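Here is the structure we will look at.
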Amino acid sequence: MTVALKEEHRGHVPEDAVAPGSTIATLTVDGVVVASYCDGAGLPPVLAPRPFLHPVTTLAGTPVTDAQPEDHRWHLGVSVTLQDVGGANVWGGRTYVRGEGYTWLGDHGRQVHTGWRSRADSGFRETVRWEGPDGRPLLSEGREVRAARSELPGAWALDLDTSLRNVTGAPLSLGSPASNGRAGAGYGGLFWRLPVADAPRVFTAAAEGEDAVHGSVSPWVAVTSGGHSPATVVLAGRDAATRRDPWFVRVSDYPGLGAQLAAEQPVRLTPGNSVTRRFRALVVDGAPDPDEIDRALSSSTAGNGSRP
């Protein structure tokens, strides 16, 4: 699959990974740096430049993100991203066009870090401007990221909150390939590109396997890598609106995990209005079972302390 995708993208995206920009923050848990935050400012337009977390690691140092992989150069660690923001592709790569399929267009937008509201070793609060291909502001985002130790042994918790406000002065549609005609491809919102792993296991409390989990609505979804030293990423919604979004999962074509903000229909924002989503992730050395995940999510402290 990787070879075929590389051929489709040849001549449109960089052959090799490029320097993405500057590291503008790090996250530390118990004295261990577990994530770096890049502004993405050095990326070419076709990759939809944006801030992203990478590398993200377990407490023992196992990487649980990938960035600019060969199959999708525009997959960037952990990021908040959408393929259709009023017609601008702020995801990167090809755009899904109704009746035509995936097409290379000059419609790529970008996200620009515009300032800190607060910043500490445990996390940060920032503002981000989403722009169209012509540089016109589309969305103003307030983003908050926090990290703390989890009560689950060998795990830490990451909270990410995002609020997207329409600043165009006109109605604005937030969409996905699914809302533009490709059933089952409602990806967009929070997206977590995972490293390639042998025999990954994807599951929720009630389902197992990519076909059963993709598109499901459940409190959390988890992916565990195979091998002798497994690592697990668990992604959960922290409020009712976030928990209503179906999960997006890929493990066969490439390893990725995320939420579907526009699973079937676009989200329509009137001028000045916002949409907010709140996530919690567990990053675990090991392979916890569903009961352990449930307990850890209910007791995680990442969002309970003072803000950075």
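Following the order of the structure tokens, first chain is A, next is B, and so on, with residues numbered from 1 inside each chain and ligands from 1 in the order they appear.
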
Sorted per-residue table, stretch 158-212 of chain A near stretch 106-126 of chain A, closest atoms and distance, 10 Å, only C-alpha atoms, as a Markdown table:
| residue | atom | partner | partner_atom | distance |
| --- | --- | --- | --- | --- |
| A:Leu158 | CA | A:Gly123 | CA | 9.2 |
| A:Asp159 | CA | A:Gly123 | CA | 9.1 |
| A:Leu160 | CA | A:Gly123 | CA | 9.6 |
| A:Asp161 | CA | A:Arg125 | CA | 9.3 |
| A:Thr162 | CA | A:Glu126 | CA | 9.9 |

Store the residues of this selection in a file with N, CA and C atoms, as a CSV table (one decimal), in the first residue's frame.
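Here's the written file part_5.csv:
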chain,number,residue,atom,x,y,z
A,158,LEU,N,-2.9,12.9,28.6
A,158,LEU,CA,-2.9,14.1,27.8
A,158,LEU,C,-4.3,14.6,27.5
A,159,ASP,N,-4.5,15.9,27.9
A,159,ASP,CA,-5.8,16.5,27.6
A,159,ASP,C,-5.6,17.5,26.5
A,160,LEU,N,-6.5,17.5,25.5
A,160,LEU,CA,-6.4,18.5,24.4
A,160,LEU,C,-7.8,19.0,24.2
A,161,ASP,N,-8.0,20.3,24.4
A,161,ASP,CA,-9.3,21.0,24.1
A,161,ASP,C,-9.1,22.0,23.0
A,162,THR,N,-10.1,22.0,22.1
A,162,THR,CA,-10.0,22.9,20.9
A,162,THR,C,-11.4,23.6,20.7

With only C-alpha atoms as the counted atoms, please give the residues lying no more than 6 Å from A:Gly175, apart from itself and same-chain residues fewer than 3 positions off, as a PyMOL selection string.
chain A and resi 84+179+262+266

Written file, previous selection with all heavy atoms, as a tab-separated table (two decimals), in the first residue's frame:
chain	number	residue	atom	x	y	z
A	84	ASP	N	-11.88	20.23	4.86
A	84	ASP	CA	-12.73	21.21	4.18
A	84	ASP	C	-13.18	22.28	5.17
A	84	ASP	O	-14.05	22.05	6.00
A	84	ASP	CB	-13.94	20.50	3.56
A	84	ASP	CG	-14.82	21.43	2.74
A	84	ASP	OD1	-14.55	22.66	2.71
A	84	ASP	OD2	-15.78	20.95	2.12
A	179	SER	N	-18.63	14.15	4.12
A	179	SER	CA	-19.66	15.16	3.88
A	179	SER	C	-19.66	15.63	2.43
A	179	SER	O	-20.62	16.22	1.96
A	179	SER	CB	-19.49	16.35	4.83
A	179	SER	OG	-18.30	17.07	4.54
A	262	ALA	N	-17.09	15.84	11.25
A	262	ALA	CA	-18.12	15.91	10.22
A	262	ALA	C	-18.28	14.52	9.62
A	262	ALA	O	-17.90	14.26	8.48
A	262	ALA	CB	-17.74	16.93	9.15
A	266	PRO	N	-21.66	18.32	7.12
A	266	PRO	CA	-20.75	19.35	7.60
A	266	PRO	C	-21.28	20.03	8.86
A	266	PRO	O	-22.49	20.04	9.12
A	266	PRO	CB	-20.69	20.34	6.43
A	266	PRO	CG	-21.95	20.10	5.67
A	266	PRO	CD	-22.28	18.66	5.83

task = May I have the residues within 9 Å of A:Pro63 as JSON, numbers by chain, using only C-alpha atoms and disregarding those fewer than 4 positions away in the same chain?
result = {"A": [54, 55, 56, 57, 58, 194, 195, 231]}

Atom pair atom CA of A:Ala287 + atom CA of A:Val196, distance 16.7 Å

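What separates atom CA of A:Thr23 from atom CA of A:Leu257 is a distance of 23.3 Å.
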
The residue from A:Gly186, A:Val267, A:Gly169, A:Ala281 with the smallest atom-to-atom distance to A:Ala222, counting only C-alpha atoms, is A:Ala281

* To do: Find the residues around A:Ala207 up to 12 Å (only C-alpha atoms counted), leave out those fewer than 4 positions away in its own chain, and share them as a ChimeraX atom specification.
  => /A:201-203,211-222,290

Can you write just those residues out, all heavy atoms, as a tab-separated table (two decimals), in the first residue's frame?
chain	number	residue	atom	x	y	z
A	201	ARG	N	-3.47	-4.01	17.82
A	201	ARG	CA	-4.82	-4.35	18.26
A	201	ARG	C	-5.61	-3.06	18.46
A	201	ARG	O	-5.17	-2.17	19.18
A	201	ARG	CB	-4.77	-5.13	19.57
A	201	ARG	CG	-6.16	-5.47	20.13
A	201	ARG	CD	-6.09	-5.92	21.58
A	201	ARG	NE	-7.42	-6.21	22.10
A	201	ARG	CZ	-7.72	-6.23	23.40
A	201	ARG	NH1	-6.79	-5.97	24.30
A	201	ARG	NH2	-8.96	-6.49	23.79
A	202	VAL	N	-6.77	-2.94	17.81
A	202	VAL	CA	-7.64	-1.79	18.00
A	202	VAL	C	-8.94	-2.27	18.63
A	202	VAL	O	-9.53	-3.26	18.20
A	202	VAL	CB	-7.89	-1.05	16.67
A	202	VAL	CG1	-8.46	-1.96	15.60
A	202	VAL	CG2	-8.81	0.14	16.88
A	203	PHE	N	-9.39	-1.55	19.68
A	203	PHE	CA	-10.56	-2.04	20.41
A	203	PHE	C	-11.21	-0.91	21.21
A	203	PHE	O	-10.60	0.13	21.48
A	203	PHE	CB	-10.17	-3.18	21.35
A	203	PHE	CG	-9.15	-2.82	22.41
A	203	PHE	CD1	-9.54	-2.57	23.72
A	203	PHE	CD2	-7.80	-2.75	22.11
A	203	PHE	CE1	-8.62	-2.25	24.71
A	203	PHE	CE2	-6.86	-2.43	23.09
A	203	PHE	CZ	-7.27	-2.17	24.39
A	211	ASP	N	-12.73	-2.97	11.42
A	211	ASP	CA	-14.07	-2.86	10.82
A	211	ASP	C	-15.13	-2.58	11.87
A	211	ASP	O	-16.10	-1.85	11.62
A	211	ASP	CB	-14.41	-4.16	10.07
A	211	ASP	CG	-13.58	-4.34	8.82
A	211	ASP	OD1	-12.99	-3.34	8.35
A	211	ASP	OD2	-13.51	-5.47	8.31
A	212	ALA	N	-14.99	-3.19	13.04
A	212	ALA	CA	-16.00	-3.01	14.09
A	212	ALA	C	-15.86	-1.67	14.81
A	212	ALA	O	-16.85	-1.09	15.26
A	212	ALA	CB	-15.89	-4.15	15.10
A	213	VAL	N	-14.63	-1.18	14.93
A	213	VAL	CA	-14.38	0.03	15.72
A	213	VAL	C	-14.55	1.30	14.89
A	213	VAL	O	-15.09	2.31	15.36
A	213	VAL	CB	-12.98	-0.03	16.35
A	213	VAL	CG1	-12.63	1.30	17.01
A	213	VAL	CG2	-12.90	-1.17	17.36
A	214	HIS	N	-14.11	1.26	13.63
A	214	HIS	CA	-14.22	2.46	12.78
A	214	HIS	C	-15.68	2.86	12.63
A	214	HIS	O	-16.54	2.05	12.29
A	214	HIS	CB	-13.61	2.19	11.40
A	214	HIS	CG	-13.78	3.34	10.46
A	214	HIS	ND1	-13.06	4.50	10.57
A	214	HIS	CD2	-14.62	3.51	9.39
A	214	HIS	CE1	-13.43	5.34	9.62
A	214	HIS	NE2	-14.38	4.76	8.89
A	215	GLY	N	-15.96	4.12	12.91
A	215	GLY	CA	-17.32	4.63	12.79
A	215	GLY	C	-18.19	4.37	14.00
A	215	GLY	O	-19.35	4.81	14.02
A	216	SER	N	-17.65	3.68	15.00
A	216	SER	CA	-18.44	3.42	16.20
A	216	SER	C	-18.44	4.63	17.11
A	216	SER	O	-17.59	5.51	17.03
A	216	SER	CB	-17.89	2.20	16.95
A	216	SER	OG	-16.60	2.47	17.48
A	217	VAL	N	-19.43	4.68	17.98
A	217	VAL	CA	-19.54	5.73	18.99
A	217	VAL	C	-19.40	5.05	20.35
A	217	VAL	O	-20.22	4.22	20.73
A	217	VAL	CB	-20.88	6.47	18.89
A	217	VAL	CG1	-21.01	7.49	20.01
A	217	VAL	CG2	-21.01	7.14	17.52
A	218	SER	N	-18.33	5.38	21.05
A	218	SER	CA	-18.07	4.77	22.35
A	218	SER	C	-17.26	5.76	23.19
A	218	SER	O	-16.64	6.69	22.63
A	218	SER	CB	-17.28	3.45	22.18
A	218	SER	OG	-16.06	3.67	21.54
A	219	PRO	N	-17.23	5.57	24.49
A	219	PRO	CA	-16.49	6.53	25.33
A	219	PRO	C	-15.02	6.64	25.02
A	219	PRO	O	-14.41	7.70	25.20
A	219	PRO	CB	-16.73	6.00	26.75
A	219	PRO	CG	-18.00	5.22	26.67
A	219	PRO	CD	-17.98	4.60	25.31
A	220	TRP	N	-14.41	5.55	24.54
A	220	TRP	CA	-12.99	5.58	24.22
A	220	TRP	C	-12.66	4.54	23.15
A	220	TRP	O	-13.43	3.61	22.91
A	220	TRP	CB	-12.13	5.34	25.47
A	220	TRP	CG	-12.45	4.09	26.24
A	220	TRP	CD1	-13.25	3.97	27.34
A	220	TRP	CD2	-11.96	2.75	25.97
A	220	TRP	NE1	-13.30	2.66	27.77
A	220	TRP	CE2	-12.51	1.90	26.96
A	220	TRP	CE3	-11.11	2.21	25.01
A	220	TRP	CZ2	-12.24	0.53	26.99
A	220	TRP	CZ3	-10.84	0.84	25.03
A	220	TRP	CH2	-11.41	0.02	26.02
A	221	VAL	N	-11.48	4.72	22.54
A	221	VAL	CA	-10.94	3.76	21.58
A	221	VAL	C	-9.46	3.62	21.88
A	221	VAL	O	-8.81	4.57	22.33
A	221	VAL	CB	-11.18	4.24	20.13
A	221	VAL	CG1	-10.48	5.55	19.86
A	221	VAL	CG2	-10.73	3.19	19.12
A	222	ALA	N	-8.91	2.42	21.67
A	222	ALA	CA	-7.52	2.16	22.00
A	222	ALA	C	-6.83	1.40	20.88
A	222	ALA	O	-7.46	0.58	20.20
A	222	ALA	CB	-7.41	1.37	23.31
A	290	PRO	N	-9.72	-3.41	29.05
A	290	PRO	CA	-10.76	-2.39	29.09
A	290	PRO	C	-11.11	-1.90	30.49
A	290	PRO	O	-11.35	-0.70	30.69
A	290	PRO	CB	-11.95	-3.08	28.42
A	290	PRO	CG	-11.32	-4.02	27.45
A	290	PRO	CD	-10.11	-4.54	28.17

Legend entry - For A:Ala170: contacts at 9 Å, only C-alpha atoms, fewer than 2 positions along chain excluded, given as an MDAnalysis selection string: chainID A and resid 166:168 172 269:272

Which parts of stretch 41-211 of chain A does DSSP call helix (DSSP H, G or I) when run on the backbone here, written out as a CSV table (one decimal) with C-alpha atoms, in the first residue's frame?
chain,number,residue,atom,x,y,z
A,45,PRO,CA,1.7,24.5,1.4
A,46,VAL,CA,0.7,21.0,0.1
A,47,LEU,CA,1.2,19.6,3.6
A,210,GLU,CA,-10.8,-2.1,12.6
A,211,ASP,CA,-14.1,-2.9,10.8

Review point. Among stretch 92-291 of chain A, which residues carry a DSSP assignment of strand (DSSP E or B), reported as number ranges by chain?
Key: A: 95-97, 101-103, 108, 110-120, 123-131, 137-149, 155-166, 172-175, 188-193, 201-203, 208, 220-224, 231-237, 247-250, 256-260, 267-269, 274-285

Okay, now the selection with C-alpha atoms, as a CSV table (one decimal), in the first residue's frame?
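Saved to part25.csv:
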chain,number,residue,atom,x,y,z
A,95,THR,CA,-8.9,17.0,-1.8
A,96,TYR,CA,-12.0,14.8,-2.1
A,97,VAL,CA,-14.3,16.3,-4.8
A,101,GLY,CA,-12.7,11.5,-6.1
A,102,TYR,CA,-9.4,12.6,-4.6
A,103,THR,CA,-7.9,15.4,-6.7
A,108,HIS,CA,-4.4,24.2,0.8
A,110,ARG,CA,-2.6,26.6,6.9
A,111,GLN,CA,-2.6,27.2,10.7
A,112,VAL,CA,-0.5,29.8,12.4
A,113,HIS,CA,0.4,29.9,16.0
A,114,THR,CA,-0.5,33.5,17.1
A,115,GLY,CA,0.3,33.6,20.8
A,116,TRP,CA,0.4,32.1,24.2
A,117,ARG,CA,-2.3,32.6,26.9
A,118,SER,CA,-0.1,30.5,29.3
A,119,ARG,CA,2.7,28.1,29.1
A,120,ALA,CA,4.4,25.7,31.6
A,123,GLY,CA,1.1,22.3,29.2
A,124,PHE,CA,0.0,25.4,27.5
A,125,ARG,CA,-2.9,27.5,26.2
A,126,GLU,CA,-2.5,29.2,22.8
A,127,THR,CA,-4.3,30.9,20.0
A,128,VAL,CA,-4.1,29.6,16.4
A,129,ARG,CA,-5.3,31.3,13.2
A,130,TRP,CA,-6.6,29.1,10.4
A,131,GLU,CA,-6.1,30.6,6.9
A,137,PRO,CA,-8.5,34.2,8.2
A,138,LEU,CA,-11.2,31.5,8.4
A,139,LEU,CA,-11.1,30.3,12.0
A,140,SER,CA,-9.7,31.5,15.3
A,141,GLU,CA,-8.8,28.6,17.5
A,142,GLY,CA,-8.3,28.5,21.3
A,143,ARG,CA,-6.2,25.3,22.0
A,144,GLU,CA,-5.3,23.9,25.4
A,145,VAL,CA,-2.9,21.0,26.0
A,146,ARG,CA,-2.1,19.5,29.4
A,147,ALA,CA,-0.1,16.5,30.6
A,148,ALA,CA,0.0,14.7,33.9
A,149,ARG,CA,0.8,11.3,35.4
A,155,ALA,CA,0.9,5.7,31.9
A,156,TRP,CA,0.5,9.5,31.5
A,157,ALA,CA,-2.6,11.4,30.5
A,158,LEU,CA,-2.9,14.1,27.8
A,159,ASP,CA,-5.8,16.5,27.6
A,160,LEU,CA,-6.4,18.5,24.4
A,161,ASP,CA,-9.3,21.0,24.1
A,162,THR,CA,-10.0,22.9,20.9
A,163,SER,CA,-12.6,25.6,20.2
A,164,LEU,CA,-12.9,26.8,16.6
A,165,ARG,CA,-14.6,30.2,16.0
A,166,ASN,CA,-15.8,31.4,12.6
A,172,LEU,CA,-18.8,28.8,7.3
A,173,SER,CA,-18.9,25.0,6.7
A,174,LEU,CA,-16.5,22.5,8.3
A,175,GLY,CA,-16.5,19.3,6.3
A,188,GLY,CA,-11.2,15.5,10.6
A,189,GLY,CA,-11.0,17.2,14.0
A,190,LEU,CA,-8.3,15.5,16.2
A,191,PHE,CA,-6.0,13.1,14.3
A,192,TRP,CA,-3.3,11.0,15.8
A,193,ARG,CA,-0.8,9.4,13.3
A,201,ARG,CA,-4.8,-4.3,18.3
A,202,VAL,CA,-7.6,-1.8,18.0
A,203,PHE,CA,-10.6,-2.0,20.4
A,208,GLU,CA,-12.6,-5.3,18.5
A,220,TRP,CA,-13.0,5.6,24.2
A,221,VAL,CA,-10.9,3.8,21.6
A,222,ALA,CA,-7.5,2.2,22.0
A,223,VAL,CA,-4.7,0.9,19.8
A,224,THR,CA,-2.0,-1.4,21.2
A,231,ALA,CA,2.6,0.5,23.9
A,232,THR,CA,-1.0,1.7,24.0
A,233,VAL,CA,-2.7,4.9,23.0
A,234,VAL,CA,-6.3,5.4,24.3
A,235,LEU,CA,-8.4,8.3,23.0
A,236,ALA,CA,-11.5,9.4,24.8
A,237,GLY,CA,-14.1,12.2,24.7
A,247,TRP,CA,-14.2,7.3,15.9
A,248,PHE,CA,-11.9,7.1,12.8
A,249,VAL,CA,-9.5,4.2,12.8
A,250,ARG,CA,-7.0,2.8,10.4
A,256,GLY,CA,-4.0,6.3,12.5
A,257,LEU,CA,-6.6,7.2,15.1
A,258,GLY,CA,-9.0,10.2,15.4
A,259,ALA,CA,-12.4,11.6,15.7
A,260,GLN,CA,-14.9,12.4,13.0
A,267,VAL,CA,-20.7,21.4,10.8
A,268,ARG,CA,-22.1,24.8,9.9
A,269,LEU,CA,-21.0,27.9,11.9
A,274,SER,CA,-17.8,28.2,17.7
A,275,VAL,CA,-17.6,24.5,17.9
A,276,THR,CA,-15.7,22.9,20.8
A,277,ARG,CA,-14.3,19.4,21.4
A,278,ARG,CA,-12.5,18.1,24.5
A,279,PHE,CA,-10.3,15.0,24.4
A,280,ARG,CA,-8.3,12.9,26.9
A,281,ALA,CA,-5.6,10.4,25.8
A,282,LEU,CA,-3.7,7.8,27.8
A,283,VAL,CA,-0.2,7.0,26.7
A,284,VAL,CA,0.7,3.7,28.2
A,285,ASP,CA,3.8,1.4,28.5

Q.
When you look at A:Arg73 with a cut-off of 12 Å (counting only C-alpha atoms), what residues show up, excluding the ones that are within fewer than 5 positions of it in the same chain? I need them as a PyMOL selection string.
A. chain A and resi 2+5-6+9-10+12-18+20+43-49+66-68+91-94+193
